[in-house]
Protein chains: 2
Amino acid sequence: MPPPSTDSSDGRSRAEQKSAAILAAAQQVFFANGYVGASMDQVAATARVSKQTVYKHFRDKEALFREVITKVVSARDAGIPAGLLTTGDGSIEDRLRSFARHFLQGVMQRDVLKLRRLVIGEAGRFPELGQSFHELGPSRAAEELAVALREAATQQGLSLSDPVLAAEHLLSLVLSIPLNQAMLLGDEIPFTEAALHRYADEGAAAFLRAYGFTS
Amino acid sequence: MPPPSTDSSDGRSRAEQKSAAILAAAQQVFFANGYVGASMDQVAATARVSKQTVYKHFRDKEALFREVITKVVSARDAGIPAGLLTTGDGSIEDRLRSFARHFLQGVMQRDVLKLRRLVIGEAGRFPELGQSFHELGPSRAAEELAVALREAATQQGLSLSDPVLAAEHLLSLVLSIPLNQAMLLGDEIPFTEAALHRYADEGAAAFLRAYGFTS
DNA sequence: TGGGTACTAGACAGTTCAGTACAGTATAGA
DNA sequence: TCTATACTGTACTGAACTGTCTAGTACCCA
């Protein structure tokens with residue numbers, strides 16, 4: 001019988017603690033050096049664990065990389081509520097602007113940017129990771145946002161012929177300028193909070209004009 | 001005296017021919033395998049040249065990579081004429097739509113996508129390459145387009161408070177949906193020409209509505 | 001206290017690769 | 001024809017890295 005040892009001091013078995021430590025270390029090392037640039041010795045050292053233990057928990061480097069990425073990708077929760085634009089205080093402009101600011105800030109997190117760059121760079125070697133990223137990130141966000149947009153349109157007596165496209169247009173207007181810059185210009189984020197707010201506000205405003213929303 | 005040997009059969013010296021062959025081979029190999037995945041032996045073999053010759057022409061792998069990328073980046077010519085939207089046949093809608101289609105098709109070229117992914121993936125190791133790419137690509141396109149937009153706005157009796165931002169919004173609306181998908185989902189371009197045209201047309205139309213252009 | 005398991009530390013084999021060395025061949029100009 | 005130079009082909013060095021192996025230690029449960 002293996003010792004599941006349901007808890008030691010913090011409610012996780014020793015194996016779970018090691019596993020988590022390795023994953024955290026691997027995330028750090030992969031994010032900093034890329035897939036090929038990272039070494040398993042480095043991961044083990046960072047996790048303060050022997051190399052043998054790393055291989056006990058993860059079959060090989062590829063498996064470890066896949067687990068790191070899918071874990072981080074799944075942990076990100078877009079979570080756009082359907083009633084986002086139709087409930088709460090303020091005009092629809094206000095609500096949309098506040099959503100845009102919040103969402104942009106989420107996407108421009110340093111770690112999220114690193115993840116995105118890593119996934120893009122390894123899209124050749126690990127195509128299925130790019131696909132998960134897209135499905136759980138941009139694609140899902142657009143779909144959830146589309147629901148909220150249709151609701152808001154109905155409330156205003158408008159109808160959107162293609163709510164998903166509208167949602168993608170909104171996300172494009174808000175995100176794509178700073179995001180593309182960040183992809184190409186490395187991590188030393190040259191964005192002040194004020195600059196990000198401006199992108200969010202201007203993007204949201206342009207969207208409202210394009211899709212005929214007025215309060 | 002080194003033999004410059006101004007021409008042999010095609011007007012280029014032997015050295016120039018070798019150099020060009022190596023650069024072309026390196027581009028192919030780097031694009032296919034990434035920076036770390038590419039080997040100098042592979043480059044030499046592809047160029048049908050001895051490894052020694054590669055090192056005669058380029059100090060090391062980094063230098064070769066830099067030359068390949070800057071060469072390809074500089075060769076791309078956005079070239080957006082200032083009178084783009086104000087001269088020629090058709091309404092401004094037509095001209096903008098046709099520009100959008102043309103530009104999108106240019107950016108979605110297989111090689112351009114590969115270059116972009118490569119530069120993004122190596123942005124950590126070669127930050128100055130990302131910077132060049134951005135300056136000569138997106139940034140320059142937005143600035144040139146801004147001039148054309150301001151002219152078109154004036155012609156219509158409008159005024160744009162921030163023409164560069166308007167240009168970036170236009171480019172975002174047209175490009176960012178398929179471009180982001182392509183970045184994440186690998187090269188097996190899942191885009192028909194019709195699909196690209198639709199993104200271009202819908203993006204251009206949304207832009208016209210947002211910025212109050214009407215013919 | 002005893003037995004089984006996870007873990008540590010380090011050595012190790014096997015491979016890959018950047019960059020160099022070298023001996024010999026082709027080429028172009030005088 | 002002679003000479004300087006570029007080029008070829010191959011072997012080599014040194015370093016890094018993945019994944020395995022081994023011998024011994026720490027931990028957990030009965």
# chains A, B, ... in the order shown; residues from 1 in each chain; ligands from 1
>>> residues_around(residues="DA15 in chain D", least_positions_apart="4", cutoff="12 Å", atoms="only C-alpha atoms (C1' of nucleotides)", output="PyMOL selection string")
chain C and resi 16-19
>>> write_last_selection(atoms="C-alpha atoms (C1' of nucleotides)", output="PDB file, in the first residue's frame")
ATOM      1  C1'  DT C  16      23.415  17.007 -29.930  1.00  0.00           C
ATOM      2  C1'  DC C  17      25.411  21.088 -31.151  1.00  0.00           C
ATOM      3  C1'  DA C  18      28.498  25.507 -31.723  1.00  0.00           C
ATOM      4  C1'  DG C  19      32.590  26.588 -33.196  1.00  0.00           C
TER       5       DG C  19
END
>>> interface_residues(of="chain B", to="chain A", cutoff="6 Å", atoms="only C-alpha atoms", output="ChimeraX atom specification")
/B:117,120-121,123,130-131,169,172-173,183-186,206,209-210
>>> atom_distance(atom1="CA of Ile22 in chain A", atom2="CA of Ala47 in chain A")
5.2 Å
>>> residues_around(residues="DG10 in chain C", least_positions_apart="4", cutoff="12 Å", atoms="only C-alpha atoms (C1' of nucleotides)", output="list in words")
Ser50, Lys51 and Gln52 of chain A; DC21, DT22, DA23 and DG24 of chain D
>>> residues_around(residues="Lys61 in chain B", least_positions_apart="3", cutoff="12 Å", atoms="only C-alpha atoms (C1' of nucleotides)", output="list of chain:residue names")
B:Ile22, B:Leu23, B:Ala26, B:Phe30, B:Tyr35, B:Val36, B:Gly37, B:Ala38, B:Ser39, B:Met40, B:Asp41, B:Gln42, B:Val43, B:Ala44, B:Lys51, B:Val54, B:Tyr55, B:Lys56, B:His57, B:Phe58, B:Leu64, B:Phe65, B:Arg66, B:Glu67, B:Val68, C:DC17, C:DA18, C:DG19
>>> select_by_dssp(residues="range 29-171 of chain B", states="alpha helix (DSSP H)", output="ChimeraX atom specification")
/B:29-37,40-47,51-57,61-75,92-107,110-121,127-134,140-155,163-171
>>> closest_residue(among="A:Gln17, A:Ser74, A:Ser91, A:Thr53", to="chain C", atoms="only C-alpha atoms (C1' of nucleotides)")
A:Thr53
>>> residues_around(residues="Arg76 in chain B", least_positions_apart="3", cutoff="10 Å", atoms="only C-alpha atoms (C1' of nucleotides)", output="MDAnalysis selection string")
chainID B and resid 71:73 79 106:107 112 133 136:137
>>> write_last_selection(atoms="N, CA and C atoms", output="PDB file, in the first residue's frame")
ATOM      1  N   LYS B  71      16.889  41.340 -42.581  1.00  0.00           N
ATOM      2  CA  LYS B  71      16.727  41.342 -44.036  1.00  0.00           C
ATOM      3  C   LYS B  71      15.258  41.158 -44.420  1.00  0.00           C
ATOM      4  N   VAL B  72      14.628  40.149 -43.830  1.00  0.00           N
ATOM      5  CA  VAL B  72      13.242  39.860 -44.182  1.00  0.00           C
ATOM      6  C   VAL B  72      12.330  40.994 -43.742  1.00  0.00           C
ATOM      7  N   VAL B  73      12.596  41.519 -42.553  1.00  0.00           N
ATOM      8  CA  VAL B  73      11.754  42.601 -42.047  1.00  0.00           C
ATOM      9  C   VAL B  73      11.862  43.831 -42.942  1.00  0.00           C
ATOM     10  N   GLY B  79       4.191  50.378 -47.447  1.00  0.00           N
ATOM     11  CA  GLY B  79       3.968  51.296 -48.553  1.00  0.00           C
ATOM     12  C   GLY B  79       2.528  51.709 -48.750  1.00  0.00           C
ATOM     13  N   GLY B 106      -1.886  40.552 -47.351  1.00  0.00           N
ATOM     14  CA  GLY B 106      -0.443  40.683 -47.198  1.00  0.00           C
ATOM     15  C   GLY B 106       0.055  40.182 -45.858  1.00  0.00           C
ATOM     16  N   VAL B 107      -0.630  40.574 -44.807  1.00  0.00           N
ATOM     17  CA  VAL B 107      -0.204  40.200 -43.462  1.00  0.00           C
ATOM     18  C   VAL B 107      -0.388  38.705 -43.214  1.00  0.00           C
ATOM     19  N   VAL B 112       5.048  35.622 -43.725  1.00  0.00           N
ATOM     20  CA  VAL B 112       4.952  36.750 -42.804  1.00  0.00           C
ATOM     21  C   VAL B 112       4.473  36.265 -41.439  1.00  0.00           C
ATOM     22  N   PHE B 133      10.857  44.941 -35.952  1.00  0.00           N
ATOM     23  CA  PHE B 133       9.648  44.418 -36.590  1.00  0.00           C
ATOM     24  C   PHE B 133       8.484  45.364 -36.352  1.00  0.00           C
ATOM     25  N   LEU B 136       9.020  48.805 -38.270  1.00  0.00           N
ATOM     26  CA  LEU B 136       8.898  48.729 -39.721  1.00  0.00           C
ATOM     27  C   LEU B 136       7.573  48.132 -40.164  1.00  0.00           C
ATOM     28  N   GLY B 137       6.880  47.452 -39.245  1.00  0.00           N
ATOM     29  CA  GLY B 137       5.604  46.847 -39.597  1.00  0.00           C
ATOM     30  C   GLY B 137       4.425  47.659 -39.080  1.00  0.00           C
TER      31      GLY B 137
END
